[in-house]
$ cat structure16.cif   # mmCIF, C-alpha atoms
data_model
#
loop_
_atom_site.group_PDB
_atom_site.id
_atom_site.type_symbol
_atom_site.label_atom_id
_atom_site.label_comp_id
_atom_site.auth_asym_id
_atom_site.auth_seq_id
_atom_site.Cartn_x
_atom_site.Cartn_y
_atom_site.Cartn_z
ATOM 1 C CA MET A 1 -113.017 -45.727 67.669
ATOM 2 C CA LYS A 2 -115.739 -43.513 66.315
ATOM 3 C CA PHE A 3 -113.974 -40.485 67.619
ATOM 4 C CA LEU A 4 -110.732 -41.599 65.964
ATOM 5 C CA LYS A 5 -112.479 -42.006 62.619
ATOM 6 C CA PHE A 6 -114.057 -38.603 62.904
ATOM 7 C CA PHE A 7 -110.743 -37.123 63.856
ATOM 8 C CA LEU A 8 -109.059 -38.741 60.852
ATOM 9 C CA ILE A 9 -111.715 -37.450 58.491
ATOM 10 C CA VAL A 10 -111.374 -33.938 59.837
ATOM 11 C CA ILE A 11 -107.610 -34.073 59.490
ATOM 12 C CA ILE A 12 -107.830 -35.355 55.931
ATOM 13 C CA LEU A 13 -110.487 -32.905 54.801
ATOM 14 C CA PHE A 14 -109.384 -29.755 56.528
ATOM 15 C CA PRO A 15 -106.160 -28.855 54.715
ATOM 16 C CA LEU A 16 -107.640 -29.833 51.358
ATOM 17 C CA SER A 17 -110.557 -27.476 51.704
ATOM 18 C CA SER A 18 -108.318 -24.617 52.727
ATOM 19 C CA ILE A 19 -106.071 -25.177 49.700
ATOM 20 C CA ASN A 20 -109.142 -25.217 47.512
ATOM 21 C CA ALA A 21 -110.369 -21.972 49.004
ATOM 22 C CA GLU A 22 -107.021 -20.349 48.426
ATOM 23 C CA GLU A 23 -107.089 -21.345 44.785
ATOM 24 C CA ASN A 24 -110.613 -20.002 44.456
ATOM 25 C CA ASP A 25 -109.584 -16.681 45.948
ATOM 26 C CA LYS A 26 -106.731 -16.425 43.509
ATOM 27 C CA ARG A 27 -108.973 -17.305 40.604
ATOM 28 C CA ASN A 28 -111.537 -14.719 41.632
ATOM 29 C CA LYS A 29 -108.869 -12.091 42.012
ATOM 30 C CA ILE A 30 -107.480 -12.798 38.548
ATOM 31 C CA THR A 31 -110.845 -12.932 36.798
ATOM 32 C CA LYS A 32 -111.877 -9.685 38.473
ATOM 33 C CA ASN A 33 -108.896 -7.980 36.879
ATOM 34 C CA LEU A 34 -109.689 -9.339 33.404
ATOM 35 C CA ARG A 35 -112.048 -7.371 31.228
ATOM 36 C CA CYS A 36 -114.802 -9.301 29.487
ATOM 37 C CA LEU A 37 -114.031 -8.033 26.005
ATOM 38 C CA ILE A 38 -117.425 -8.683 24.489
ATOM 39 C CA CYS A 39 -119.453 -7.291 27.389
ATOM 40 C CA GLN A 40 -119.956 -3.684 28.373
ATOM 41 C CA GLY A 41 -118.317 -2.651 31.601
ATOM 42 C CA GLN A 42 -118.090 -6.117 33.109
ATOM 43 C CA SER A 43 -115.178 -8.138 34.317
ATOM 44 C CA VAL A 44 -114.778 -11.778 33.410
ATOM 45 C CA TYR A 45 -115.703 -12.596 37.002
ATOM 46 C CA ASP A 46 -119.053 -10.798 36.719
ATOM 47 C CA SER A 47 -119.997 -12.058 33.295
ATOM 48 C CA ASP A 48 -121.691 -15.273 32.248
ATOM 49 C CA SER A 49 -121.140 -14.829 28.527
ATOM 50 C CA GLU A 50 -119.664 -17.652 26.450
ATOM 51 C CA PHE A 51 -116.405 -15.746 26.237
ATOM 52 C CA ALA A 52 -116.151 -15.232 29.985
ATOM 53 C CA THR A 53 -117.040 -18.805 30.936
ATOM 54 C CA SER A 54 -114.331 -20.140 28.613
ATOM 55 C CA LEU A 55 -111.858 -17.654 29.990
ATOM 56 C CA LYS A 56 -112.584 -18.788 33.534
ATOM 57 C CA ILE A 57 -111.854 -22.375 32.513
ATOM 58 C CA VAL A 58 -108.563 -21.280 30.973
ATOM 59 C CA VAL A 59 -107.610 -19.385 34.150
ATOM 60 C CA ASP A 60 -108.352 -22.510 36.187
ATOM 61 C CA LYS A 61 -106.217 -24.593 33.845
ATOM 62 C CA LYS A 62 -103.312 -22.171 34.004
ATOM 63 C CA LEU A 63 -103.489 -22.087 37.804
ATOM 64 C CA LYS A 64 -103.395 -25.869 37.879
ATOM 65 C CA GLU A 65 -100.374 -25.811 35.594
ATOM 66 C CA GLY A 66 -98.718 -23.744 38.303
ATOM 67 C CA LEU A 67 -98.546 -20.388 36.556
ATOM 68 C CA SER A 68 -98.334 -17.315 38.755
ATOM 69 C CA GLU A 69 -100.807 -14.447 38.614
ATOM 70 C CA ASP A 70 -98.459 -12.247 36.596
ATOM 71 C CA GLN A 71 -97.700 -15.033 34.165
ATOM 72 C CA ILE A 72 -101.421 -15.488 33.553
ATOM 73 C CA TYR A 73 -101.869 -11.763 32.910
ATOM 74 C CA GLU A 74 -98.927 -11.864 30.535
ATOM 75 C CA TYR A 75 -100.495 -14.815 28.713
ATOM 76 C CA PHE A 76 -103.770 -12.979 28.159
ATOM 77 C CA LYS A 77 -101.930 -9.788 27.253
ATOM 78 C CA ILE A 78 -100.199 -11.608 24.418
ATOM 79 C CA LYS A 79 -103.462 -13.126 23.226
ATOM 80 C CA TYR A 80 -105.758 -10.121 23.511
ATOM 81 C CA GLY A 81 -103.616 -7.064 24.142
ATOM 82 C CA GLU A 82 -103.291 -4.687 27.078
ATOM 83 C CA TRP A 83 -107.007 -3.832 26.984
ATOM 84 C CA ILE A 84 -107.970 -7.098 28.675
ATOM 85 C CA LEU A 85 -106.300 -5.978 31.930
ATOM 86 C CA TYR A 86 -108.164 -3.582 34.184
ATOM 87 C CA ASP A 87 -104.869 -2.606 35.747
ATOM 88 C CA PRO A 88 -102.597 -1.605 32.877
ATOM 89 C CA GLY A 89 -98.829 -1.647 33.290
ATOM 90 C CA LEU A 90 -96.574 1.346 32.805
ATOM 91 C CA ASN A 91 -95.380 1.597 29.200
ATOM 92 C CA LYS A 92 -95.092 4.122 26.406
ATOM 93 C CA ASN A 93 -98.822 4.099 25.715
ATOM 94 C CA THR A 94 -99.914 4.512 29.296
ATOM 95 C CA TYR A 95 -97.301 6.751 30.888
ATOM 96 C CA ILE A 96 -99.514 9.861 30.624
ATOM 97 C CA LEU A 97 -102.222 7.965 32.439
ATOM 98 C CA TRP A 98 -99.860 7.128 35.288
ATOM 99 C CA LEU A 99 -97.832 10.324 35.479
ATOM 100 C CA LEU A 100 -100.474 13.005 34.879
ATOM 101 C CA PRO A 101 -102.097 12.759 38.334
ATOM 102 C CA ILE A 102 -98.705 12.978 40.027
ATOM 103 C CA LEU A 103 -97.736 15.901 37.818
ATOM 104 C CA ILE A 104 -100.967 17.770 38.520
ATOM 105 C CA PHE A 105 -100.574 17.086 42.211
ATOM 106 C CA LEU A 106 -97.042 18.480 42.224
ATOM 107 C CA ILE A 107 -97.953 21.563 40.182
ATOM 108 C CA GLY A 108 -100.984 22.196 42.374
ATOM 109 C CA GLY A 109 -98.830 21.825 45.458
ATOM 110 C CA ALA A 110 -96.327 24.292 44.044
ATOM 111 C CA ILE A 111 -99.071 26.829 43.347
ATOM 112 C CA ILE A 112 -100.450 26.505 46.853
ATOM 113 C CA TYR A 113 -96.987 26.792 48.321
ATOM 114 C CA LYS A 114 -96.207 29.873 46.263
ATOM 115 C CA SER A 115 -99.425 31.724 46.873
ATOM 116 C CA PHE A 116 -100.051 30.936 50.547
ATOM 117 C CA ILE A 117 -96.904 29.943 52.321
ATOM 118 C CA VAL A 118 -94.341 32.157 50.660
ATOM 119 C CA LYS A 119 -96.597 35.214 51.013
ATOM 120 C CA LYS A 120 -96.413 34.964 54.760
ATOM 121 C CA MET B 1 -93.580 38.869 39.249
ATOM 122 C CA LYS B 2 -95.285 36.480 41.638
ATOM 123 C CA ASN B 3 -98.659 37.610 40.464
ATOM 124 C CA LYS B 4 -97.798 36.854 36.880
ATOM 125 C CA ILE B 5 -96.582 33.283 37.381
ATOM 126 C CA LEU B 6 -99.822 32.041 38.886
ATOM 127 C CA PRO B 7 -102.256 32.932 36.075
ATOM 128 C CA PHE B 8 -99.666 31.935 33.541
ATOM 129 C CA SER B 9 -99.179 28.438 34.973
ATOM 130 C CA VAL B 10 -102.941 28.009 35.403
ATOM 131 C CA ILE B 11 -103.444 28.821 31.742
ATOM 132 C CA ILE B 12 -100.708 26.376 30.728
ATOM 133 C CA ILE B 13 -102.166 23.567 32.871
ATOM 134 C CA PHE B 14 -105.641 24.145 31.474
ATOM 135 C CA GLY B 15 -104.143 24.295 28.019
ATOM 136 C CA ILE B 16 -102.485 20.887 28.483
ATOM 137 C CA ILE B 17 -105.650 19.344 29.907
ATOM 138 C CA PHE B 18 -107.744 20.838 27.113
ATOM 139 C CA PHE B 19 -105.318 19.481 24.537
ATOM 140 C CA ILE B 20 -105.423 15.952 25.987
ATOM 141 C CA PHE B 21 -109.211 15.922 26.203
ATOM 142 C CA TYR B 22 -109.519 17.388 22.720
ATOM 143 C CA LYS B 23 -107.248 14.652 21.363
ATOM 144 C CA GLY B 24 -109.392 12.126 23.218
ATOM 145 C CA LEU B 25 -112.467 13.379 21.374
ATOM 146 C CA GLU B 26 -110.959 12.401 18.050
ATOM 147 C CA ASP B 27 -110.218 8.832 19.111
ATOM 148 C CA SER B 28 -112.810 6.228 18.384
ATOM 149 C CA LYS B 29 -114.564 5.192 21.536
ATOM 150 C CA ILE B 30 -115.297 1.757 20.177
ATOM 151 C CA TYR B 31 -112.604 -0.700 21.109
ATOM 152 C CA THR B 32 -111.157 -2.212 17.973
ATOM 153 C CA PRO B 33 -108.992 -5.242 18.506
ATOM 154 C CA ASP B 34 -105.725 -5.598 16.701
ATOM 155 C CA VAL B 35 -106.423 -7.677 13.608
ATOM 156 C CA ASN B 36 -103.219 -7.304 11.641
ATOM 157 C CA THR B 37 -100.496 -8.568 13.930
ATOM 158 C CA LYS B 38 -98.549 -11.550 12.828
ATOM 159 C CA LYS B 39 -98.787 -14.074 15.584
ATOM 160 C CA GLU B 40 -97.760 -17.674 15.757
ATOM 161 C CA ILE B 41 -100.675 -20.050 15.852
ATOM 162 C CA PRO B 42 -101.166 -21.817 19.175
ATOM 163 C CA VAL B 43 -100.339 -25.456 19.825
ATOM 164 C CA PHE B 44 -103.201 -27.571 21.084
ATOM 165 C CA ASN B 45 -104.684 -31.045 21.162
ATOM 166 C CA THR B 46 -108.289 -31.694 20.351
ATOM 167 C CA LYS B 47 -110.712 -34.144 18.795
ATOM 168 C CA GLU B 48 -111.690 -34.497 15.186
ATOM 169 C CA PHE B 49 -115.343 -33.683 14.446
ATOM 170 C CA PHE B 50 -116.662 -36.699 12.504
ATOM 171 C CA PHE B 51 -114.778 -39.618 14.060
ATOM 172 C CA GLY B 52 -113.690 -38.215 17.387
ATOM 173 C CA LYS B 53 -110.058 -39.093 16.821
ATOM 174 C CA ASN B 54 -107.432 -37.145 18.741
ATOM 175 C CA VAL B 55 -105.615 -34.623 16.585
ATOM 176 C CA LYS B 56 -102.688 -32.300 17.163
ATOM 177 C CA SER B 57 -102.622 -28.789 15.801
ATOM 178 C CA SER B 58 -99.294 -29.467 14.110
ATOM 179 C CA SER B 59 -100.858 -32.195 11.978
ATOM 180 C CA ILE B 60 -103.621 -29.851 10.786
ATOM 181 C CA PHE B 61 -101.575 -26.805 9.869
ATOM 182 C CA GLU B 62 -98.618 -27.436 7.581
ATOM 183 C CA LEU B 63 -95.983 -24.942 6.582
ATOM 184 C CA ASP B 64 -96.135 -23.255 3.197
ATOM 185 C CA LYS B 65 -99.885 -23.605 2.826
ATOM 186 C CA VAL B 66 -102.642 -21.083 3.192
ATOM 187 C CA TYR B 67 -105.374 -21.931 5.648
ATOM 188 C CA LEU B 68 -108.596 -20.275 6.600
ATOM 189 C CA LEU B 69 -109.701 -21.215 10.080
ATOM 190 C CA ASN B 70 -113.369 -20.576 10.617
ATOM 191 C CA ILE B 71 -114.903 -20.770 14.080
ATOM 192 C CA TRP B 72 -118.544 -21.737 13.749
ATOM 193 C CA SER B 73 -121.435 -23.173 15.640
ATOM 194 C CA SER B 74 -124.882 -24.437 14.717
ATOM 195 C CA TRP B 75 -126.531 -22.127 17.269
ATOM 196 C CA CYS B 76 -124.937 -19.035 15.803
ATOM 197 C CA ALA B 77 -127.122 -17.167 13.336
ATOM 198 C CA PRO B 78 -124.400 -15.076 11.647
ATOM 199 C CA CYS B 79 -122.543 -18.342 10.910
ATOM 200 C CA ARG B 80 -125.554 -19.500 8.935
ATOM 201 C CA GLN B 81 -125.424 -16.242 7.040
ATOM 202 C CA GLU B 82 -121.741 -16.489 6.094
ATOM 203 C CA HIS B 83 -121.832 -20.198 5.296
ATOM 204 C CA PRO B 84 -122.756 -19.867 1.583
ATOM 205 C CA LEU B 85 -119.756 -17.570 1.128
ATOM 206 C CA LEU B 86 -117.483 -20.222 2.581
ATOM 207 C CA MET B 87 -119.063 -22.788 0.272
ATOM 208 C CA ASN B 88 -118.171 -20.567 -2.699
ATOM 209 C CA LEU B 89 -114.645 -20.037 -1.433
ATOM 210 C CA ASN B 90 -114.219 -23.765 -1.261
ATOM 211 C CA LEU B 91 -114.446 -23.987 -5.075
ATOM 212 C CA ASP B 92 -111.068 -22.305 -5.092
ATOM 213 C CA ASN B 93 -108.525 -24.998 -4.352
ATOM 214 C CA LYS B 94 -105.704 -22.764 -3.202
ATOM 215 C CA LEU B 95 -107.220 -22.358 0.199
ATOM 216 C CA ASN B 96 -107.695 -25.009 2.842
ATOM 217 C CA ILE B 97 -110.669 -24.165 4.989
ATOM 218 C CA ILE B 98 -110.492 -25.602 8.481
ATOM 219 C CA GLY B 99 -113.501 -25.528 10.770
ATOM 220 C CA MET B 100 -113.522 -25.169 14.514
ATOM 221 C CA ASN B 101 -116.821 -26.209 16.019
ATOM 222 C CA TYR B 102 -117.368 -23.974 19.026
ATOM 223 C CA LYS B 103 -119.341 -25.110 22.116
ATOM 224 C CA ASP B 104 -121.809 -27.058 20.066
ATOM 225 C CA ASN B 105 -124.053 -30.074 20.215
ATOM 226 C CA LEU B 106 -122.508 -32.497 17.712
ATOM 227 C CA LYS B 107 -125.885 -33.692 16.395
ATOM 228 C CA ASN B 108 -126.999 -30.133 15.680
ATOM 229 C CA ALA B 109 -123.667 -29.345 14.082
ATOM 230 C CA GLU B 110 -123.956 -32.361 11.773
ATOM 231 C CA ASN B 111 -127.451 -31.311 10.751
ATOM 232 C CA PHE B 112 -126.175 -27.809 10.091
ATOM 233 C CA LEU B 113 -123.561 -29.181 7.689
ATOM 234 C CA LYS B 114 -126.073 -31.519 6.041
ATOM 235 C CA GLU B 115 -128.428 -28.635 5.433
ATOM 236 C CA LEU B 116 -125.940 -26.023 4.220
ATOM 237 C CA GLY B 117 -123.052 -28.131 2.944
ATOM 238 C CA ASN B 118 -119.569 -28.747 4.276
ATOM 239 C CA PRO B 119 -116.916 -26.316 3.043
ATOM 240 C CA TYR B 120 -114.305 -27.538 5.515
ATOM 241 C CA LYS B 121 -111.384 -29.749 4.683
ATOM 242 C CA GLU B 122 -111.063 -30.665 8.312
ATOM 243 C CA ILE B 123 -113.101 -29.879 11.379
ATOM 244 C CA PHE B 124 -112.049 -30.109 14.981
ATOM 245 C CA ILE B 125 -114.104 -29.460 18.058
ATOM 246 C CA ASP B 126 -113.770 -27.044 20.923
ATOM 247 C CA LEU B 127 -116.264 -28.150 23.513
ATOM 248 C CA ASP B 128 -115.515 -25.691 26.315
ATOM 249 C CA GLY B 129 -114.241 -22.762 24.262
ATOM 250 C CA THR B 130 -110.706 -22.943 25.647
ATOM 251 C CA ILE B 131 -109.064 -23.512 22.264
ATOM 252 C CA ALA B 132 -110.785 -20.410 20.952
ATOM 253 C CA ILE B 133 -109.213 -18.490 23.844
ATOM 254 C CA GLU B 134 -105.820 -19.913 22.856
ATOM 255 C CA TRP B 135 -106.409 -18.433 19.432
ATOM 256 C CA GLY B 136 -107.331 -15.094 20.950
ATOM 257 C CA ALA B 137 -110.864 -15.336 19.601
ATOM 258 C CA TYR B 138 -113.827 -13.368 20.903
ATOM 259 C CA GLY B 139 -116.697 -15.591 19.862
ATOM 260 C CA VAL B 140 -118.458 -16.970 16.823
ATOM 261 C CA PRO B 141 -118.130 -16.458 13.949
ATOM 262 C CA GLU B 142 -114.494 -15.588 13.604
ATOM 263 C CA THR B 143 -112.093 -16.318 10.780
ATOM 264 C CA PHE B 144 -108.298 -16.456 10.688
ATOM 265 C CA LEU B 145 -106.121 -16.379 7.603
ATOM 266 C CA ILE B 146 -103.014 -18.465 8.247
ATOM 267 C CA TYR B 147 -99.803 -18.880 6.287
ATOM 268 C CA ASN B 148 -96.609 -20.573 7.472
ATOM 269 C CA ASN B 149 -98.103 -21.124 10.914
ATOM 270 C CA GLU B 150 -98.669 -17.407 11.335
ATOM 271 C CA ILE B 151 -101.949 -15.577 11.617
ATOM 272 C CA ILE B 152 -101.921 -13.067 8.790
ATOM 273 C CA LYS B 153 -105.322 -11.590 9.340
ATOM 274 C CA LYS B 154 -108.256 -12.060 11.654
ATOM 275 C CA TYR B 155 -111.879 -11.329 10.856
ATOM 276 C CA ILE B 156 -114.189 -10.888 13.813
ATOM 277 C CA GLY B 157 -117.828 -11.407 13.002
ATOM 278 C CA PRO B 158 -119.430 -12.806 9.867
ATOM 279 C CA LEU B 159 -117.676 -12.580 6.534
ATOM 280 C CA ASN B 160 -119.252 -10.638 3.688
ATOM 281 C CA GLN B 161 -118.498 -10.408 -0.011
ATOM 282 C CA GLU B 162 -116.107 -7.504 0.505
ATOM 283 C CA LEU B 163 -114.011 -9.457 2.980
ATOM 284 C CA ILE B 164 -114.071 -12.521 0.720
ATOM 285 C CA ASP B 165 -112.659 -10.351 -2.080
ATOM 286 C CA GLU B 166 -109.987 -9.159 0.324
ATOM 287 C CA ILE B 167 -109.077 -12.732 1.234
ATOM 288 C CA ASN B 168 -108.858 -13.657 -2.444
ATOM 289 C CA LEU B 169 -106.551 -10.716 -3.012
ATOM 290 C CA LEU B 170 -104.357 -11.626 -0.042
ATOM 291 C CA ILE B 171 -103.821 -15.237 -1.066
ATOM 292 C CA LYS B 172 -102.895 -14.408 -4.645
#

$ encode --input "structure16.cif" --output "structure tokens"
Amino acid sequence: MKFLKFFLIVIILFPLSSINAEENDKRNKITKNLRCLICQGQSVYDSDSEFATSLKIVVDKKLKEGLSEDQIYEYFKIKYGEWILYDPGLNKNTYILWLLPILIFLIGGAIIYKSFIVKK
Amino acid sequence: MKNKILPFSVIIIFGIIFFIFYKGLEDSKIYTPDVNTKKEIPVFNTKEFFFGKNVKSSSIFELDKVYLLNIWSSWCAPCRQEHPLLMNLNLDNKLNIIGMNYKDNLKNAENFLKELGNPYKEIFIDLDGTIAIEWGAYGVPETFLIYNNEIIKKYIGPLNQELIDEINLLIK
């Protein structure tokens, strides 16, 4: 009987805790990608400022409402602008940021190709 | 021919990089949030400050009226500093000043109003700061000018006489 009770408790508790952990992971991931706008060089996850603590609560709420990660980013983007995301999307303001490294890489590759391989 | 392309392209690449960095020097390094965009005000439910009644945002903000939403707190020193300005603004009847009490102890907040006066037509409370996030606020004090359920202008930080003059000009 005791064993059965124990078994039941384990069965009841186990899946719940794993769901909880999953939600926590998601929350941490999201708050790590949100910039704490009133701090210097800290994410919302790292900060304990009033702003960041409120933001964490809002992220929790949105997750409970069933919003996906991208929807939550979109929500904060509307409220605070692109700057709140550490990982900015590709748009007309950020295309240089995204394309310049690729461009430099290609040009550099072309120079190397021209000067070393073609010479042979 | 080959020998000419290489230095030429190197110069062009350095030129482009120099140009981008030089442009970057001119930009302000201080992040300035967008304060002029017209945004719809958020919809939220909260409690009223004095009686603790539940209120909806739609019942506070009516169309066709000008509102000034001021986020304040008794623990915030700049709020204390801007409070007399709000009291003066209140003499003007065109403007409805709404208060949002941010993460505060209600007793302290009441004492704050007793000491410095109450310029607000209505006050609602934001205990955990989530409503302020809905508004896109950064902290206290912060002030929003609202007309027709749209945020016309946002002032981050304490108001001063210059900004009060600007508000007066805007609502005329």

$ resolve_selection --input "structure16.cif" --expression "the PyMOL selection byres ((chain A) within 10 of (chain B))" --output "MDAnalysis selection string"
chainID A and resid 36:38 49:59 61 75:81 83 96 100 104 107:108 110:112 114:115 119

$ residues_around --input "structure16.cif" --residues "Ser43 (chain A)" --least-positions-apart "5" --cutoff "8 Å" --atoms "only C-alpha atoms" --output "PyMOL selection string"
chain A and resi 31-36

$ resolve_selection --input "structure16.cif" --expression "the PyMOL selection byres ((chain B and resi 74) around 6)" --output "list of chain:residue names"
B:Ser73, B:Trp75, B:Cys76, B:Ala109, B:Phe112

$ atom_distance --input "structure16.cif" --atom1 "CA of Leu113 (chain B)" --atom2 "CA of Thr143 (chain B)"
17.5 Å

$ residues_around --input "structure16.cif" --residues "Lys26 (chain A)" --least-positions-apart "4" --cutoff "12 Å" --atoms "all atoms listed in the file" --output "number ranges by chain"
A: 19-22, 30-33, 45, 56, 59-60, 62-64, 67-70, 72

$ atom_distance --input "structure16.cif" --atom1 "CA of Gly24 (chain B)" --atom2 "CA of Thr94 (chain A)"
13.6 Å

$ resolve_selection --input "structure16.cif" --expression "the PyMOL selection byres ((chain B and resi 146) around 9)" --output "JSON, numbers by chain"
{"B": [41, 61, 65, 66, 67, 68, 69, 144, 145, 147, 148, 149, 150, 151, 152, 153, 154]}

$ atom_distance --input "structure16.cif" --atom1 "CA of Leu170 (chain B)" --atom2 "CA of Ser57 (chain B)"
23.4 Å

$ closest_residue --input "structure16.cif" --among "A:Gly109, A:Pro88, A:Gly41, A:Pro101" --to "Tyr73 (chain A)" --atoms "only C-alpha atoms"
A:Pro88

$ residues_near_point --input "structure16.cif" --point "(-108.4, -15.5, -0.6)" --cutoff "10 Å" --atoms "all atoms listed in the file" --output "list of chain:residue names"
B:Val66, B:Tyr67, B:Leu68, B:Leu89, B:Asp92, B:Lys94, B:Leu95, B:Leu145, B:Leu163, B:Ile164, B:Asp165, B:Glu166, B:Ile167, B:Asn168, B:Leu169, B:Leu170, B:Ile171, B:Lys172

$ write_last_selection --input "structure16.cif" --atoms "C-alpha atoms" --output "short mmCIF file (atom, residue, chain, number, x, y, z; two decimals), in the coordinates of the input"
data_model
loop_
_atom_site.label_atom_id
_atom_site.label_comp_id
_atom_site.auth_asym_id
_atom_site.auth_seq_id
_atom_site.Cartn_x
_atom_site.Cartn_y
_atom_site.Cartn_z
CA VAL B 66 -102.64 -21.08 3.19
CA TYR B 67 -105.37 -21.93 5.65
CA LEU B 68 -108.60 -20.27 6.60
CA LEU B 89 -114.64 -20.04 -1.43
CA ASP B 92 -111.07 -22.30 -5.09
CA LYS B 94 -105.70 -22.76 -3.20
CA LEU B 95 -107.22 -22.36 0.20
CA LEU B 145 -106.12 -16.38 7.60
CA LEU B 163 -114.01 -9.46 2.98
CA ILE B 164 -114.07 -12.52 0.72
CA ASP B 165 -112.66 -10.35 -2.08
CA GLU B 166 -109.99 -9.16 0.32
CA ILE B 167 -109.08 -12.73 1.23
CA ASN B 168 -108.86 -13.66 -2.44
CA LEU B 169 -106.55 -10.72 -3.01
CA LEU B 170 -104.36 -11.63 -0.04
CA ILE B 171 -103.82 -15.24 -1.07
CA LYS B 172 -102.90 -14.41 -4.64
#

$ closest_residue --input "structure16.cif" --among "B:Asn96, B:Ser59, B:Asn45, B:Gln81" --to "Gly157 (chain B)" --atoms "all atoms listed in the file"
B:Gln81
